[in-house]
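Enquirer: One structure, pasted below without further comment.
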Amino acid sequence: MTKTTIPYLLERAAFKYPEREAIVSEEGRWSYAQWEARSNKRAHALARYGIKKGDHVATIFLNGNQVLETYLALMKLGAVIVPLNVRLAPKELHYIVEHCEASAIILSHEFKSVIEEIRDGLPRVRQYFMSGGDMPDDMIALEEIYQGEPEEGPSVEIDENDIACILYTAGTTGRPKGVLLSHKNCIWGAANIALNIDLRPEYRVLLVFPLYHAAAFIILVGDLFLGCTNVTMRNFDPRRVMELIGEERINRMTSPPTVWNFILQLPDLDKYDTTSVRSISSGAESMPLETKKSLLKLFPNAALGETYGMTESAATITTLDPGEVLRKMASVGKPFTNVEIRLVDEEGCDVALEEVGEILARGPNIMEGYFKDPEATAATLKGGWLYTGDLGKVDEEGFLYIVDRKKDMIITGGENIFPREIEEILYAHPKILEAAVIGLPDPEWGEKVHAVVALKEGEKLTEDEVKDYCREHIASFKKPKSVEFVDKLPRSPAGKVLKRILRDRQEV
């Protein structure tokens, strides 16, 4: 009986669409038949070097054919991929490689120096495979070892419940946690996308998200699920994004709000051909209303949706149907077909409509747990439900609204204040590029509202002007008591604002 796994999706796509372009990168173009054959050859070679089912293998690549072929080769062997975030510092990478108990590292030559810097402290890592560049004597040349290997798939029994990957969280609240996602979790996440988002087999999908990020990984699995074309970018460049859209006739792309903001800041946006784009969406954090309005103007033929999810849910919890985007602009939509949600109070009891509660999610896409962290797993997975740590409310039509992160709620003078409400006001200011609101200790009120603001290029604002602007739009007790101006907000590679860094900076 055929097991529904990620390698099976590639095998099926290669059978159904052998000549269809599967991968487009700066290095070339490959069909689905070629992707399948090259991944099989790579799998046989890695097996010859001792990589086997259950091994944890860390990878560090920029987007492109090398990472896609490597991911599938490892999963064909039943190995567990651990994608490393290319933006992390050496100490952070060292922690993840050690924590995940990787037995091998596969890297692109751009990251040779950072891996060499940490390798002495990685006693578990037996082998280092490198793609491209000048090959050190103590590393194995990835491209050379699979020459002459068979193009048929390896005979490894893989079950849908086997772990496919360990994706590490961004560590927004401390040490990153390793999220265990099975093949089943990932494929149900992909099925959610295929059922509820405008994604079709003939679509050419631009992968802007880096592939070590949960959203990008599940988008990739969704593309495999349907047989779409993956157009990859090694590095994000807003101008190049707009050029690629026209050159490659891109039909769909999704990006976090910060990426969309960078694109919207480009001059002469009307000179780019965006007519091919049929579907756009956002993830990682809620998109400000002003950004949504601007995107609808930039992509006149596209439907705009918004997805709410997290690494622990294979990036899929709710989605806003494009048909509702103008009517429910502040909502993140309704649960995906294969997801259920609840909102509960501190005692775990369901809250009423329009009342704020913690968002819980349940479905076959929800993670198996955190690697080597039973306490965090038990605190997050309770009674079959994922406790997201996000606060939200549901209206009478069943649409979900994210109010804020539970840990970010500010209590001042006995009043609960949700930073996102203030941030929405700030984002609407014509001179403000991005903003974050945090609570800081206050001897009189317990906490005070503190706004951190980055201005658009060439613009000027004073602290009093920001406060006065907020006072015009929200209750006086919610307005910022202090305002800090920065060049840019600290963000995780997923695009989420790192509020812990903003808080820590105030304490120094």
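By order in the structure tokens, chains are A, B, ...; within a chain, residues start at 1; ligands start at 1, following the order shown.
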Select from range 312-382 of chain A every residue with an atom at most 12 Å from any atom of range 203-219 of chain A, then for each give the shortest pair of atoms and their distance in Å to one decimal, using only C-alpha atoms, rows by chain and rising number, as a tab-separated table.

Expert:
```
residue	atom	partner	partner_atom	distance
A:Glu312	CA	A:Ala214	CA	8.7
A:Ser313	CA	A:Ala214	CA	9.1
A:Ala314	CA	A:Ala214	CA	6.5
A:Ala315	CA	A:Ala215	CA	5.3
A:Thr316	CA	A:Ala215	CA	8.3
A:Ile317	CA	A:Ala215	CA	11.6
A:Asn365	CA	A:Ile218	CA	10.5
A:Met367	CA	A:Ala214	CA	11.6
```

Enquirer: Which residues are close to Thr275 in chain A, i.e. within 10 Å by only C-alpha atoms, leaving aside same-chain residues fewer than 6 positions away? Reply as a ChimeraX atom specification.

Expert: /A:245-246,249-251,298-302

Enquirer: Mind dumping the selected residues with C-alpha atoms as a PDB file, in the first residue's frame?

Expert:
```
ATOM      1  CA  ILE A 245       6.973  38.517 -11.269  1.00  0.00           C
ATOM      2  CA  GLY A 246       6.978  39.817 -14.837  1.00  0.00           C
ATOM      3  CA  ARG A 249       4.786  35.185 -15.051  1.00  0.00           C
ATOM      4  CA  ILE A 250       4.297  34.489 -11.368  1.00  0.00           C
ATOM      5  CA  ASN A 251       0.747  33.544 -10.353  1.00  0.00           C
ATOM      6  CA  LEU A 298      -0.452  46.971  -6.788  1.00  0.00           C
ATOM      7  CA  PHE A 299      -1.888  43.596  -7.879  1.00  0.00           C
ATOM      8  CA  PRO A 300      -5.232  44.471  -9.493  1.00  0.00           C
ATOM      9  CA  ASN A 301      -5.864  40.938 -10.817  1.00  0.00           C
ATOM     10  CA  ALA A 302      -5.001  39.180  -7.586  1.00  0.00           C
TER      11      ALA A 302
END
```

Enquirer: Taking 5 positions as the minimum chain separation for residues in the same chain, which residues sit within 7 Å of range 75-92 of chain A when counting only C-alpha atoms? Answer as a PyMOL selection string.

Expert: chain A and resi 7+43+52-60+114+118+154+156+158+163-167+212

Enquirer: Using only C-alpha atoms, which of the listed residues (A:Cys349, A:Ala22, A:Leu72, A:Ile197) sits closest to His183 in chain A?

Expert: A:Leu72

Enquirer: Which residues, written as a list in words, have at least one atom at most 9 Å from Lys467 in chain A, with only C-alpha atoms counted and residues fewer than 2 positions away on the same chain left out?

Expert: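 Within the cut-off, the hits are Thr462, Glu463, Asp464, Glu465, Tyr469, Cys470, Arg471, Glu472, Lys479, Pro480, Lys481, Ser482 and Val483 of chain A.
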
Enquirer: Taking the backbone alone, and naming residues the way the document does, which bits of range 415-464 of chain A are strand (DSSP E or B) by DSSP, as a PyMOL selection string?

Expert: chain A and resi 415-417+432-442+446-455

Enquirer: Would you save the residues from that selection as a compact mmCIF listing (two decimals), in the first residue's frame, using C-alpha atoms?

Expert:
```txt
# COMPACT_ATOMS: atom_id res chain seq x y z
CA GLU A 415 -7.05 48.05 32.35
CA ASN A 416 -6.09 45.38 29.77
CA ILE A 417 -4.49 46.93 26.71
CA ILE A 432 5.36 55.68 9.93
CA LEU A 433 6.92 52.64 8.24
CA GLU A 434 6.57 50.17 11.11
CA ALA A 435 5.74 50.19 14.80
CA ALA A 436 5.69 47.96 17.85
CA VAL A 437 4.07 48.56 21.23
CA ILE A 438 5.31 47.01 24.48
CA GLY A 439 4.59 47.37 28.17
CA LEU A 440 7.30 48.75 30.45
CA PRO A 441 7.31 48.76 34.27
CA ASP A 442 5.72 51.83 35.83
CA GLY A 446 2.08 48.88 37.02
CA GLU A 447 2.91 49.09 33.32
CA LYS A 448 3.00 51.89 30.81
CA VAL A 449 2.47 51.82 27.04
CA HIS A 450 5.71 52.34 25.13
CA ALA A 451 5.77 52.70 21.32
CA VAL A 452 8.81 51.92 19.19
CA VAL A 453 8.52 53.57 15.79
CA ALA A 454 10.49 53.47 12.53
CA LEU A 455 9.77 56.30 10.10
```

Enquirer: Run DSSP on the backbone and grab whatever in range 49-216 of chain A lands in alpha helix (DSSP H); send it over as number ranges by chain.

Expert: A: 65-76, 90-99, 112-118, 142-145, 183-196, 214-216

Enquirer: Would you list the contacts of Ser331 in chain A as a ChimeraX atom specification, taking every protein, DNA or RNA residue within 8 Å and counting only C-alpha atoms, but skipping same-chain residues closer than 5 positions in sequence?

Expert: /A:320,399-402

Enquirer: Which residue gives the smallest distance to Phe225 in chain A among A:Arg240, A:Lys16, A:Arg42, A:Lys328, with only C-alpha atoms counted?

Expert: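 When distances to Phe225 in chain A are compared using only C-alpha atoms, the smallest one comes from A:Lys16.
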
Enquirer: Given only C-alpha atoms, how would the per-residue table for range 331-356 of chain A near range 303-307 of chain A read, listing every residue at most 10 Å away with its closest atom pair and distance in Å to one decimal, sorted by chain and number, as a Markdown table?

Expert:
```
| residue | atom | partner | partner_atom | distance |
| --- | --- | --- | --- | --- |
| A:Ser331 | CA | A:Glu306 | CA | 8.4 |
| A:Val332 | CA | A:Glu306 | CA | 5.9 |
| A:Gly333 | CA | A:Glu306 | CA | 7.5 |
| A:Lys334 | CA | A:Thr307 | CA | 9.4 |
| A:Pro335 | CA | A:Thr307 | CA | 9.6 |
| A:Phe336 | CA | A:Thr307 | CA | 9.3 |
```
